[in-house]
>>> print(open('final_15.pdb').read())   # PDB, C-alpha atoms
ATOM      1  CA  LEU A 809      65.967   3.958 -55.988  1.00  0.00           C
ATOM      2  CA  LEU A 810      68.770   5.872 -54.289  1.00  0.00           C
ATOM      3  CA  CYS A 811      71.495   4.100 -52.308  1.00  0.00           C
ATOM      4  CA  PHE A 812      73.044   6.275 -49.580  1.00  0.00           C
ATOM      5  CA  ASN A 813      76.479   5.583 -48.123  1.00  0.00           C
ATOM      6  CA  GLY A 814      77.177   7.888 -45.193  1.00  0.00           C
ATOM      7  CA  LEU A 815      80.449   6.305 -44.084  1.00  0.00           C
ATOM      8  CA  PRO A 816      83.846   7.782 -44.949  1.00  0.00           C
ATOM      9  CA  PRO A 817      86.157   7.505 -46.792  1.00  0.00           C
ATOM     10  CA  SER A 818      83.777   6.684 -49.687  1.00  0.00           C
ATOM     11  CA  GLY A 819      80.833   8.609 -48.257  1.00  0.00           C
ATOM     12  CA  PRO A 820      78.817  10.535 -47.893  1.00  0.00           C
ATOM     13  CA  LEU A 821      77.592   9.547 -51.363  1.00  0.00           C
ATOM     14  CA  LEU A 822      74.188   9.123 -52.944  1.00  0.00           C
ATOM     15  CA  ALA A 823      74.093   6.601 -55.796  1.00  0.00           C
ATOM     16  CA  PRO A 824      71.198   6.048 -58.229  1.00  0.00           C
ATOM     17  CA  LEU A 825      70.203   2.371 -58.191  1.00  0.00           C
ATOM     18  CA  SER A 826      68.287   0.803 -61.077  1.00  0.00           C
ATOM     19  CA  ILE A 827      66.554  -2.563 -60.736  1.00  0.00           C
ATOM     20  CA  HIS A 828      64.455  -4.594 -63.136  1.00  0.00           C
ATOM     21  CA  ILE A 829      62.601  -7.866 -62.696  1.00  0.00           C
ATOM     22  CA  ILE A 830      63.587 -10.768 -64.934  1.00  0.00           C
ATOM     23  CA  THR A 831      60.676 -12.488 -66.672  1.00  0.00           C
ATOM     24  CA  GLU A 832      60.611 -16.241 -67.249  1.00  0.00           C
ATOM     25  CA  GLU A 833      61.391 -15.675 -70.922  1.00  0.00           C
ATOM     26  CA  GLN A 834      64.323 -13.408 -70.102  1.00  0.00           C
ATOM     27  CA  ASP A 835      65.546 -15.895 -67.486  1.00  0.00           C
ATOM     28  CA  ASP A 836      65.606 -18.669 -70.105  1.00  0.00           C
ATOM     29  CA  ALA A 837      67.459 -16.386 -72.525  1.00  0.00           C
ATOM     30  CA  GLY A 838      70.006 -15.573 -69.814  1.00  0.00           C
ATOM     31  CA  LYS A 839      70.601 -19.251 -69.126  1.00  0.00           C
ATOM     32  CA  GLN A 840      71.096 -19.923 -72.817  1.00  0.00           C
ATOM     33  CA  HIS A 841      73.597 -17.063 -73.003  1.00  0.00           C
ATOM     34  CA  ARG A 842      75.545 -18.446 -70.024  1.00  0.00           C
ATOM     35  CA  ASP A 843      75.524 -22.025 -71.273  1.00  0.00           C
ATOM     36  CA  ARG A 844      76.312 -21.432 -74.917  1.00  0.00           C
ATOM     37  CA  VAL A 845      79.698 -22.553 -76.205  1.00  0.00           C
ATOM     38  CA  ILE A 846      81.852 -19.673 -77.435  1.00  0.00           C
ATOM     39  CA  LYS A 847      84.053 -19.992 -80.500  1.00  0.00           C
ATOM     40  CA  ALA A 848      87.571 -18.835 -81.265  1.00  0.00           C
ATOM     41  CA  SER A 849      86.216 -16.240 -83.703  1.00  0.00           C
ATOM     42  CA  GLU A 850      84.444 -14.456 -80.817  1.00  0.00           C
ATOM     43  CA  VAL A 851      87.452 -13.826 -78.568  1.00  0.00           C
ATOM     44  CA  LEU A 852      90.365 -11.384 -78.679  1.00  0.00           C
ATOM     45  CA  SER A 853      93.506 -12.647 -80.357  1.00  0.00           C
ATOM     46  CA  MET A 854      96.734 -11.158 -81.677  1.00  0.00           C
ATOM     47  CA  ILE A 855      99.631 -12.041 -83.932  1.00  0.00           C
ATOM     48  CA  ASP A 856     102.713 -12.811 -81.834  1.00  0.00           C
ATOM     49  CA  ASN A 857     105.652 -11.671 -83.937  1.00  0.00           C
ATOM     50  CA  ASP A 858     108.062 -12.985 -81.296  1.00  0.00           C
ATOM     51  CA  GLU A 859     106.818 -16.568 -81.794  1.00  0.00           C
ATOM     52  CA  SER A 860     109.237 -18.600 -83.939  1.00  0.00           C
ATOM     53  CA  ASP A 861     106.727 -21.327 -84.838  1.00  0.00           C
ATOM     54  CA  PRO A 862     104.543 -20.055 -87.746  1.00  0.00           C
ATOM     55  CA  GLN A 863     101.758 -22.411 -86.659  1.00  0.00           C
ATOM     56  CA  LYS A 864     101.567 -20.749 -83.234  1.00  0.00           C
ATOM     57  CA  LYS A 865     101.777 -17.068 -84.161  1.00  0.00           C
ATOM     58  CA  LEU A 866      98.046 -16.535 -83.619  1.00  0.00           C
ATOM     59  CA  LYS A 867      97.564 -16.175 -79.847  1.00  0.00           C
ATOM     60  CA  TYR A 868      94.398 -15.888 -77.777  1.00  0.00           C
ATOM     61  CA  ILE A 869      94.378 -13.594 -74.737  1.00  0.00           C
ATOM     62  CA  LYS A 870      93.432 -15.688 -71.705  1.00  0.00           C
ATOM     63  CA  GLY A 871      92.692 -14.275 -68.245  1.00  0.00           C
ATOM     64  CA  HIS A 872      93.903 -16.233 -65.214  1.00  0.00           C
ATOM     65  CA  ALA A 873      93.435 -14.139 -62.087  1.00  0.00           C
ATOM     66  CA  LEU A 874      91.985 -10.922 -60.727  1.00  0.00           C
ATOM     67  CA  VAL A 875      94.876  -8.979 -59.189  1.00  0.00           C
ATOM     68  CA  GLN A 876      93.093  -5.907 -57.865  1.00  0.00           C
ATOM     69  CA  ARG A 877      90.528  -3.200 -58.483  1.00  0.00           C
ATOM     70  CA  MET A 878      91.870   0.246 -59.350  1.00  0.00           C
ATOM     71  CA  GLU A 879      90.024   3.562 -59.242  1.00  0.00           C
ATOM     72  CA  SER A 880      90.041   5.808 -62.273  1.00  0.00           C
ATOM     73  CA  GLN A 881      92.413   8.778 -62.131  1.00  0.00           C
ATOM     74  CA  GLN A 882      89.955  10.825 -64.183  1.00  0.00           C
ATOM     75  CA  ARG A 883      86.586  10.021 -62.567  1.00  0.00           C
ATOM     76  CA  LYS A 884      85.696   9.386 -58.955  1.00  0.00           C
ATOM     77  CA  ASN A 885      84.086   6.020 -58.128  1.00  0.00           C
ATOM     78  CA  VAL A 886      84.796   4.566 -61.573  1.00  0.00           C
ATOM     79  CA  TYR A 887      86.891   1.407 -61.426  1.00  0.00           C
ATOM     80  CA  TYR A 888      89.118  -0.728 -63.608  1.00  0.00           C
ATOM     81  CA  TYR A 889      90.255  -4.294 -62.943  1.00  0.00           C
ATOM     82  CA  GLU A 890      93.772  -5.648 -63.229  1.00  0.00           C
ATOM     83  CA  ILE A 891      93.879  -9.130 -64.776  1.00  0.00           C
ATOM     84  CA  ALA A 892      96.899 -11.461 -65.029  1.00  0.00           C
ATOM     85  CA  ILE A 893      96.902 -13.006 -68.489  1.00  0.00           C
ATOM     86  CA  SER A 894      98.733 -15.318 -70.859  1.00  0.00           C
ATOM     87  CA  LEU A 895      98.866 -15.692 -74.641  1.00  0.00           C
ATOM     88  CA  GLU A 896      97.779 -19.148 -75.764  1.00  0.00           C
ATOM     89  CA  SER A 897      98.121 -20.660 -79.240  1.00  0.00           C
ATOM     90  CA  HIS A 898      95.541 -23.334 -78.408  1.00  0.00           C
ATOM     91  CA  PHE A 899      91.878 -22.401 -78.039  1.00  0.00           C
ATOM     92  CA  GLU A 900      89.449 -24.660 -76.262  1.00  0.00           C
ATOM     93  CA  ASP A 901      85.720 -24.380 -76.976  1.00  0.00           C
ATOM     94  CA  ILE A 902      84.115 -23.612 -73.638  1.00  0.00           C
ATOM     95  CA  GLN A 903      80.770 -22.561 -72.185  1.00  0.00           C
ATOM     96  CA  ASN A 904      80.373 -18.826 -71.765  1.00  0.00           C
ATOM     97  CA  TRP A 905      80.064 -18.889 -67.958  1.00  0.00           C
ATOM     98  CA  LYS A 906      83.365 -20.771 -67.680  1.00  0.00           C
ATOM     99  CA  SER A 907      85.219 -18.645 -70.200  1.00  0.00           C
ATOM    100  CA  PRO A 908      88.565 -17.043 -69.219  1.00  0.00           C
ATOM    101  CA  TYR A 909      88.879 -15.365 -72.631  1.00  0.00           C
ATOM    102  CA  PHE A 910      88.460 -11.682 -73.463  1.00  0.00           C
ATOM    103  CA  MET A 911      85.579 -11.201 -75.896  1.00  0.00           C
ATOM    104  CA  LYS A 912      85.860  -9.151 -79.076  1.00  0.00           C
ATOM    105  CA  PHE A 913      84.322  -5.691 -79.196  1.00  0.00           C
ATOM    106  CA  LYS A 914      81.121  -5.470 -81.214  1.00  0.00           C
ATOM    107  CA  ASN A 915      81.836  -1.888 -82.239  1.00  0.00           C
ATOM    108  CA  ASP A 916      84.870  -1.600 -84.533  1.00  0.00           C
ATOM    109  CA  GLU A 917      85.306   2.113 -83.870  1.00  0.00           C
ATOM    110  CA  GLU A 918      85.330   1.553 -80.106  1.00  0.00           C
ATOM    111  CA  TRP A 919      87.899  -1.253 -80.504  1.00  0.00           C
ATOM    112  CA  LYS A 920      90.125   0.979 -82.607  1.00  0.00           C
ATOM    113  CA  ASN A 921      90.226   3.546 -79.790  1.00  0.00           C
ATOM    114  CA  VAL A 922      91.089   1.077 -77.012  1.00  0.00           C
ATOM    115  CA  LYS A 923      93.081  -1.608 -78.842  1.00  0.00           C
ATOM    116  CA  GLU A 924      96.437  -0.584 -77.341  1.00  0.00           C
ATOM    117  CA  PHE A 925      95.103  -1.176 -73.811  1.00  0.00           C
ATOM    118  CA  PHE A 926      94.691  -4.868 -74.633  1.00  0.00           C
ATOM    119  CA  ASP A 927      98.218  -5.490 -75.928  1.00  0.00           C
ATOM    120  CA  PRO A 928     100.177  -7.154 -73.077  1.00  0.00           C
ATOM    121  CA  LYS A 929     103.504  -6.709 -74.862  1.00  0.00           C
ATOM    122  CA  ILE A 930     103.538  -2.906 -74.717  1.00  0.00           C
ATOM    123  CA  LEU A 931     102.166  -0.053 -72.647  1.00  0.00           C
ATOM    124  CA  PRO A 932      99.415   2.117 -74.109  1.00  0.00           C
ATOM    125  CA  ASN A 933     100.370   5.643 -75.131  1.00  0.00           C
ATOM    126  CA  LEU A 934      99.979   7.371 -71.765  1.00  0.00           C
ATOM    127  CA  SER A 935     100.768  10.820 -73.143  1.00  0.00           C
ATOM    128  CA  LYS A 936      97.748  10.675 -75.429  1.00  0.00           C
ATOM    129  CA  LYS A 937      94.453  11.623 -73.776  1.00  0.00           C
ATOM    130  CA  ASN A 938      91.847   8.886 -74.143  1.00  0.00           C
ATOM    131  CA  THR A 939      88.381   9.802 -72.905  1.00  0.00           C
ATOM    132  CA  ARG A 940      87.023   6.265 -73.343  1.00  0.00           C
ATOM    133  CA  TYR A 941      89.696   4.270 -71.541  1.00  0.00           C
ATOM    134  CA  GLU A 942      92.678   4.760 -69.292  1.00  0.00           C
ATOM    135  CA  TYR A 943      95.656   3.072 -67.660  1.00  0.00           C
ATOM    136  CA  PRO A 944      95.157   4.104 -64.000  1.00  0.00           C
ATOM    137  CA  SER A 945      98.437   2.702 -62.671  1.00  0.00           C
ATOM    138  CA  ILE A 946     101.862   4.237 -62.215  1.00  0.00           C
ATOM    139  CA  LYS A 947     103.547   0.845 -62.737  1.00  0.00           C
ATOM    140  CA  TRP A 948     103.298  -2.328 -64.822  1.00  0.00           C
ATOM    141  CA  ARG A 949     103.035  -5.820 -63.353  1.00  0.00           C
ATOM    142  CA  CYS A 950     104.855  -8.847 -64.780  1.00  0.00           C
ATOM    143  CA  CYS A 951     102.511 -11.746 -65.598  1.00  0.00           C
ATOM    144  CA  SER A 952     105.391 -14.200 -65.712  1.00  0.00           C
ATOM    145  CA  CYS A 953     106.211 -13.442 -62.078  1.00  0.00           C
ATOM    146  CA  TYR A 954     102.615 -13.174 -60.865  1.00  0.00           C
ATOM    147  CA  LEU A 955     101.506 -16.467 -62.401  1.00  0.00           C
ATOM    148  CA  GLY A 956     104.775 -18.326 -61.811  1.00  0.00           C
ATOM    149  CA  ASP A 957     105.512 -20.927 -59.161  1.00  0.00           C
ATOM    150  CA  ASP A 958     108.068 -18.800 -57.303  1.00  0.00           C
ATOM    151  CA  MET A 959     106.042 -17.052 -54.573  1.00  0.00           C
ATOM    152  CA  ASN A 960     108.969 -14.742 -53.805  1.00  0.00           C
ATOM    153  CA  LYS A 961     108.543 -13.186 -57.261  1.00  0.00           C
ATOM    154  CA  LYS A 962     104.739 -13.054 -57.302  1.00  0.00           C
ATOM    155  CA  TYR A 963     104.511  -9.468 -56.087  1.00  0.00           C
ATOM    156  CA  ALA A 964     108.119  -8.490 -56.751  1.00  0.00           C
ATOM    157  CA  GLY A 965     107.560  -8.038 -60.478  1.00  0.00           C
ATOM    158  CA  TYR A 966     105.905  -4.620 -60.067  1.00  0.00           C
ATOM    159  CA  ASN A 967     107.893  -2.274 -62.234  1.00  0.00           C
ATOM    160  CA  GLU A 968     108.248   1.424 -62.982  1.00  0.00           C
ATOM    161  CA  LEU A 969     106.679   2.388 -66.291  1.00  0.00           C
ATOM    162  CA  GLU A 970     110.007   3.501 -67.745  1.00  0.00           C
ATOM    163  CA  ASN A 971     111.626   0.106 -67.036  1.00  0.00           C
ATOM    164  CA  ALA A 972     111.445  -2.216 -70.046  1.00  0.00           C
ATOM    165  CA  LEU A 973     112.767  -5.189 -68.047  1.00  0.00           C
ATOM    166  CA  CYS A 974     111.078  -6.766 -65.043  1.00  0.00           C
ATOM    167  CA  LYS A 975     113.205  -6.146 -61.965  1.00  0.00           C
ATOM    168  CA  ALA A 976     112.321  -9.575 -60.512  1.00  0.00           C
ATOM    169  CA  CYS A 977     112.785 -11.999 -63.406  1.00  0.00           C
ATOM    170  CA  GLY A 978     114.792  -9.838 -65.825  1.00  0.00           C
ATOM    171  CA  LYS A 979     112.481 -10.546 -68.767  1.00  0.00           C
ATOM    172  CA  PRO A 980     111.423  -7.768 -71.149  1.00  0.00           C
ATOM    173  CA  MET A 981     107.734  -6.830 -71.196  1.00  0.00           C
ATOM    174  CA  TYR A 982     107.184  -8.312 -74.655  1.00  0.00           C
ATOM    175  CA  GLU A 983     108.262 -11.712 -73.292  1.00  0.00           C
ATOM    176  CA  ALA A 984     106.966 -11.629 -69.703  1.00  0.00           C
ATOM    177  CA  LEU A 985     103.735  -9.767 -70.631  1.00  0.00           C
ATOM    178  CA  ARG A 986     102.083  -7.116 -68.507  1.00  0.00           C
ATOM    179  CA  THR A 987      98.761  -7.447 -66.709  1.00  0.00           C
ATOM    180  CA  LEU A 988      95.798  -5.871 -68.478  1.00  0.00           C
ATOM    181  CA  ILE A 989      93.769  -3.184 -66.696  1.00  0.00           C
ATOM    182  CA  VAL A 990      90.290  -3.162 -68.174  1.00  0.00           C
ATOM    183  CA  ALA A 991      86.743  -1.984 -67.552  1.00  0.00           C
ATOM    184  CA  TYR A 992      84.276  -4.318 -65.816  1.00  0.00           C
ATOM    185  CA  GLU A 993      82.349  -5.174 -68.977  1.00  0.00           C
ATOM    186  CA  HIS A 994      85.559  -6.278 -70.727  1.00  0.00           C
ATOM    187  CA  VAL A 995      86.725  -8.683 -67.998  1.00  0.00           C
ATOM    188  CA  PRO A 996      86.327 -12.362 -69.009  1.00  0.00           C
ATOM    189  CA  PHE A 997      82.915 -13.703 -67.995  1.00  0.00           C
ATOM    190  CA  TYR A 998      84.203 -16.282 -65.501  1.00  0.00           C
ATOM    191  CA  ILE A 999      86.472 -13.848 -63.640  1.00  0.00           C
ATOM    192  CA  ARG A1000      83.809 -11.157 -63.651  1.00  0.00           C
ATOM    193  CA  GLU A1001      81.140 -13.398 -62.168  1.00  0.00           C
ATOM    194  CA  SER A1002      83.170 -15.586 -59.805  1.00  0.00           C
ATOM    195  CA  LYS A1003      85.628 -12.963 -58.516  1.00  0.00           C
ATOM    196  CA  ILE A1004      84.605  -9.350 -59.077  1.00  0.00           C
ATOM    197  CA  ASP A1005      80.896  -9.751 -58.332  1.00  0.00           C
ATOM    198  CA  LYS A1006      81.599 -11.696 -55.154  1.00  0.00           C
ATOM    199  CA  VAL A1007      84.231  -9.324 -53.809  1.00  0.00           C
ATOM    200  CA  TYR A1008      83.220  -5.871 -55.027  1.00  0.00           C
ATOM    201  CA  GLN A1009      79.491  -6.001 -55.715  1.00  0.00           C
ATOM    202  CA  ASN A1010      77.378  -3.404 -53.906  1.00  0.00           C
ATOM    203  CA  PRO A1011      76.009  -4.844 -50.616  1.00  0.00           C
ATOM    204  CA  LEU A1012      72.424  -3.913 -51.491  1.00  0.00           C
ATOM    205  CA  ILE A1013      72.655  -5.737 -54.821  1.00  0.00           C
ATOM    206  CA  LYS A1014      74.094  -8.770 -53.038  1.00  0.00           C
ATOM    207  CA  LEU A1015      71.180  -8.745 -50.612  1.00  0.00           C
ATOM    208  CA  LEU A1016      68.569  -8.488 -53.380  1.00  0.00           C
ATOM    209  CA  GLN A1017      70.146 -11.271 -55.423  1.00  0.00           C
ATOM    210  CA  LYS A1018      70.427 -13.493 -52.365  1.00  0.00           C
ATOM    211  CA  ARG A1019      66.722 -12.988 -51.678  1.00  0.00           C
ATOM    212  CA  PHE A1020      65.439 -13.193 -55.264  1.00  0.00           C
ATOM    213  CA  ARG A1021      68.289 -15.186 -56.849  1.00  0.00           C
ATOM    214  CA  ASN A1022      68.618 -14.410 -60.568  1.00  0.00           C
ATOM    215  CA  LEU A1023      65.132 -12.923 -60.885  1.00  0.00           C
ATOM    216  CA  VAL A1024      66.401  -9.447 -60.009  1.00  0.00           C
ATOM    217  CA  GLN A1025      69.208  -7.559 -61.701  1.00  0.00           C
ATOM    218  CA  GLY A1026      70.543  -4.373 -60.194  1.00  0.00           C
ATOM    219  CA  LYS A1027      73.118  -1.792 -61.115  1.00  0.00           C
ATOM    220  CA  VAL A1028      74.620   1.022 -59.071  1.00  0.00           C
ATOM    221  CA  ASP A1029      75.701   4.060 -61.056  1.00  0.00           C
ATOM    222  CA  ASN A1030      79.453   4.523 -60.535  1.00  0.00           C
ATOM    223  CA  ASP A1031      79.200   8.276 -60.901  1.00  0.00           C
ATOM    224  CA  CYS A1032      77.811   8.761 -57.382  1.00  0.00           C
ATOM    225  CA  LEU A1033      76.498  12.107 -56.227  1.00  0.00           C
ATOM    226  CA  PRO A1034      78.350  13.736 -53.320  1.00  0.00           C
ATOM    227  CA  VAL A1035      76.112  14.708 -50.431  1.00  0.00           C
ATOM    228  CA  ILE A1036      76.938  18.032 -48.819  1.00  0.00           C
TER     229      ILE A1036
END
>>> encode(input="final_15.pdb", output="structure tokens")
Amino acid sequence: LLCFNGLPPSGPLLAPLSIHIITEEQDDAGKQHRDRVIKASEVLSMIDNDESDPQKKLKYIKGHALVQRMESQQRKNVYYYEIAISLESHFEDIQNWKSPYFMKFKNDEEWKNVKEFFDPKILPNLSKKNTRYEYPSIKWRCCSCYLGDDMNKKYAGYNELENALCKACGKPMYEALRTLIVAYEHVPFYIRESKIDKVYQNPLIKLLQKRFRNLVQGKVDNDCLPVI
């Protein structure tokens, strides 16, 4: 199928739309995947060298909130998602559909190429061209301010890339942590399903899923074709 959007500023665009019907067997498998309990060994973690307690040095990256969607600077109609995170020493076994954790990459070579984009204590090397991933922002956002109780600081902690300290709370990035900007498939399952899909999903896909529930899965190709 082809999905046509004739309205500016996004249009006119023609997007290929692929749909497949879910069989009863596939539906059962999908439910099992959603309901299964994930383990600590499956999620992204890091060694926190700034943690004084040796028992708490291993930290799990936990997503808390979707901040915004950001368009790629390299490709039109390709999007990344900014997620406010924290580093937690305690991991709680949880069902997949409720999970706020970032899952490990299955491909080690792919992980090696994008690892720096998932470190909230530093910025990725922006001078190095990465064809698989990117940091599409001209600033970094302080997680300490965004997730804190002080609403005056929530959006104030938006800092220039060259600034090592947050202008709102005064904490360095390695302590305050920066938000992660990641591709859709790398967003934690719960945030992806409950936030991104509800807010940003293509209207036609929403309509089909409302009519057929989970028996239809659809995907709109991000690399839309311009219509002249």
>>> closest_residue(input="final_15.pdb", among="A:Tyr992, A:Tyr963, A:Tyr943, A:Phe899", to="Lys870 of chain A", atoms="all atoms listed in the file")
A:Phe899
>>> atom_distance(input="final_15.pdb", atom1="atom CA of Tyr954 of chain A", atom2="atom CA of Ala873 of chain A")
9.3 Å
>>> residues_around(input="final_15.pdb", residues="segment 847-856 of chain A", least_positions_apart="2", cutoff="6 Å", atoms="all atoms listed in the file", output="list of chain:residue names")
A:Asp858, A:Glu859, A:Lys865, A:Leu866, A:Lys867, A:Tyr868, A:Ile869, A:Asp901, A:Phe910, A:Met911, A:Lys912
>>> atom_distance(input="final_15.pdb", atom1="atom CA of Pro932 of chain A", atom2="atom CA of Asp957 of chain A")
28.1 Å
>>> resolve_selection(input="final_15.pdb", expression="the PyMOL selection byres ((chain A and resi 879) around 12)", output="number ranges by chain")
A: 818, 876-878, 880-890, 942-945, 989-992, 1030-1031
>>> resolve_selection(input="final_15.pdb", expression="the PyMOL selection byres ((chain A and resi 979-982) around 9)", output="list in words")
Asp858, Pro928, Lys929, Ile930, Leu931, Trp948, Cys950, Ser952, Asn971, Ala972, Leu973, Cys974, Lys975, Ala976, Cys977, Gly978, Glu983, Ala984, Leu985 and Arg986 of chain A
>>> atom_distance(input="final_15.pdb", atom1="atom CA of Ile999 of chain A", atom2="atom CA of Ser894 of chain A")
14.3 Å
>>> closest_residue(input="final_15.pdb", among="A:Lys1014, A:His994, A:Lys839, A:Arg844", to="Phe926 of chain A", atoms="all atoms listed in the file")
A:His994
>>> closest_residue(input="final_15.pdb", among="A:Asp916, A:Leu822, A:Cys951, A:Gly814", to="Leu988 of chain A", atoms="only C-alpha atoms")
A:Cys951
>>> resolve_selection(input="final_15.pdb", expression="the PyMOL selection byres ((chain A and resi 843) around 12)", output="ChimeraX atom specification")
/A:836-842,844-846,901-907,997-998
>>> closest_residue(input="final_15.pdb", among="A:Leu934, A:Leu969, A:Ile893, A:Leu1015", to="Cys953 of chain A", atoms="all atoms listed in the file")
A:Ile893
>>> closest_residue(input="final_15.pdb", among="A:Asn857, A:Lys864, A:Glu970, A:Ala892", to="Gly956 of chain A", atoms="all atoms listed in the file")
A:Ala892
>>> build_atoms(input="final_15.pdb", residues="segment 836-860 of chain A", atoms="N, CA and C atoms", output="PDB file, keeping the file's coordinate frame")
ATOM      1  N   ASP A 836      65.206 -17.582 -69.197  1.00  0.00           N
ATOM      2  CA  ASP A 836      65.606 -18.669 -70.105  1.00  0.00           C
ATOM      3  C   ASP A 836      66.664 -18.188 -71.088  1.00  0.00           C
ATOM      4  N   ALA A 837      66.484 -16.948 -71.584  1.00  0.00           N
ATOM      5  CA  ALA A 837      67.459 -16.386 -72.525  1.00  0.00           C
ATOM      6  C   ALA A 837      68.813 -16.188 -71.846  1.00  0.00           C
ATOM      7  N   GLY A 838      68.771 -15.751 -70.572  1.00  0.00           N
ATOM      8  CA  GLY A 838      70.006 -15.573 -69.814  1.00  0.00           C
ATOM      9  C   GLY A 838      70.742 -16.882 -69.600  1.00  0.00           C
ATOM     10  N   LYS A 839      69.994 -17.929 -69.326  1.00  0.00           N
ATOM     11  CA  LYS A 839      70.601 -19.251 -69.126  1.00  0.00           C
ATOM     12  C   LYS A 839      71.236 -19.745 -70.419  1.00  0.00           C
ATOM     13  N   GLN A 840      70.551 -19.508 -71.526  1.00  0.00           N
ATOM     14  CA  GLN A 840      71.096 -19.923 -72.817  1.00  0.00           C
ATOM     15  C   GLN A 840      72.379 -19.162 -73.130  1.00  0.00           C
ATOM     16  N   HIS A 841      72.400 -17.874 -72.772  1.00  0.00           N
ATOM     17  CA  HIS A 841      73.597 -17.063 -73.003  1.00  0.00           C
ATOM     18  C   HIS A 841      74.760 -17.569 -72.155  1.00  0.00           C
ATOM     19  N   ARG A 842      74.499 -17.940 -70.918  1.00  0.00           N
ATOM     20  CA  ARG A 842      75.545 -18.446 -70.024  1.00  0.00           C
ATOM     21  C   ARG A 842      76.063 -19.801 -70.477  1.00  0.00           C
ATOM     22  N   ASP A 843      75.167 -20.638 -70.959  1.00  0.00           N
ATOM     23  CA  ASP A 843      75.524 -22.025 -71.273  1.00  0.00           C
ATOM     24  C   ASP A 843      76.055 -22.233 -72.682  1.00  0.00           C
ATOM     25  N   ARG A 844      75.890 -21.230 -73.535  1.00  0.00           N
ATOM     26  CA  ARG A 844      76.312 -21.432 -74.917  1.00  0.00           C
ATOM     27  C   ARG A 844      77.831 -21.578 -75.012  1.00  0.00           C
ATOM     28  N   VAL A 845      78.269 -22.322 -76.000  1.00  0.00           N
ATOM     29  CA  VAL A 845      79.698 -22.553 -76.205  1.00  0.00           C
ATOM     30  C   VAL A 845      80.252 -21.446 -77.102  1.00  0.00           C
ATOM     31  N   ILE A 846      81.261 -20.748 -76.633  1.00  0.00           N
ATOM     32  CA  ILE A 846      81.852 -19.673 -77.435  1.00  0.00           C
ATOM     33  C   ILE A 846      82.920 -20.247 -78.371  1.00  0.00           C
ATOM     34  N   LYS A 847      83.118 -19.548 -79.475  1.00  0.00           N
ATOM     35  CA  LYS A 847      84.053 -19.992 -80.500  1.00  0.00           C
ATOM     36  C   LYS A 847      85.279 -19.085 -80.542  1.00  0.00           C
ATOM     37  N   ALA A 848      86.312 -19.588 -81.166  1.00  0.00           N
ATOM     38  CA  ALA A 848      87.571 -18.835 -81.265  1.00  0.00           C
ATOM     39  C   ALA A 848      87.375 -17.507 -81.984  1.00  0.00           C
ATOM     40  N   SER A 849      86.449 -17.463 -82.930  1.00  0.00           N
ATOM     41  CA  SER A 849      86.216 -16.240 -83.703  1.00  0.00           C
ATOM     42  C   SER A 849      85.595 -15.126 -82.869  1.00  0.00           C
ATOM     43  N   GLU A 850      85.112 -15.448 -81.665  1.00  0.00           N
ATOM     44  CA  GLU A 850      84.444 -14.456 -80.817  1.00  0.00           C
ATOM     45  C   GLU A 850      85.380 -13.789 -79.816  1.00  0.00           C
ATOM     46  N   VAL A 851      86.584 -14.328 -79.629  1.00  0.00           N
ATOM     47  CA  VAL A 851      87.452 -13.826 -78.568  1.00  0.00           C
ATOM     48  C   VAL A 851      88.629 -13.041 -79.132  1.00  0.00           C
ATOM     49  N   LEU A 852      89.228 -12.204 -78.268  1.00  0.00           N
ATOM     50  CA  LEU A 852      90.365 -11.384 -78.679  1.00  0.00           C
ATOM     51  C   LEU A 852      91.600 -12.239 -78.931  1.00  0.00           C
ATOM     52  N   SER A 853      92.269 -11.947 -80.017  1.00  0.00           N
ATOM     53  CA  SER A 853      93.506 -12.647 -80.357  1.00  0.00           C
ATOM     54  C   SER A 853      94.477 -11.639 -80.960  1.00  0.00           C
ATOM     55  N   MET A 854      95.719 -12.037 -81.099  1.00  0.00           N
ATOM     56  CA  MET A 854      96.734 -11.158 -81.677  1.00  0.00           C
ATOM     57  C   MET A 854      97.807 -11.996 -82.362  1.00  0.00           C
ATOM     58  N   ILE A 855      98.512 -11.376 -83.277  1.00  0.00           N
ATOM     59  CA  ILE A 855      99.631 -12.041 -83.932  1.00  0.00           C
ATOM     60  C   ILE A 855     100.884 -11.807 -83.107  1.00  0.00           C
ATOM     61  N   ASP A 856     101.501 -12.902 -82.653  1.00  0.00           N
ATOM     62  CA  ASP A 856     102.713 -12.811 -81.834  1.00  0.00           C
ATOM     63  C   ASP A 856     103.930 -12.878 -82.740  1.00  0.00           C
ATOM     64  N   ASN A 857     104.493 -11.731 -83.040  1.00  0.00           N
ATOM     65  CA  ASN A 857     105.652 -11.671 -83.937  1.00  0.00           C
ATOM     66  C   ASN A 857     106.924 -12.208 -83.291  1.00  0.00           C
ATOM     67  N   ASP A 858     106.892 -12.431 -81.981  1.00  0.00           N
ATOM     68  CA  ASP A 858     108.062 -12.985 -81.296  1.00  0.00           C
ATOM     69  C   ASP A 858     108.026 -14.508 -81.258  1.00  0.00           C
ATOM     70  N   GLU A 859     106.953 -15.117 -81.757  1.00  0.00           N
ATOM     71  CA  GLU A 859     106.818 -16.568 -81.794  1.00  0.00           C
ATOM     72  C   GLU A 859     107.526 -17.108 -83.039  1.00  0.00           C
ATOM     73  N   SER A 860     108.449 -18.063 -82.822  1.00  0.00           N
ATOM     74  CA  SER A 860     109.237 -18.600 -83.939  1.00  0.00           C
ATOM     75  C   SER A 860     108.456 -19.623 -84.760  1.00  0.00           C
TER      76      SER A 860
END
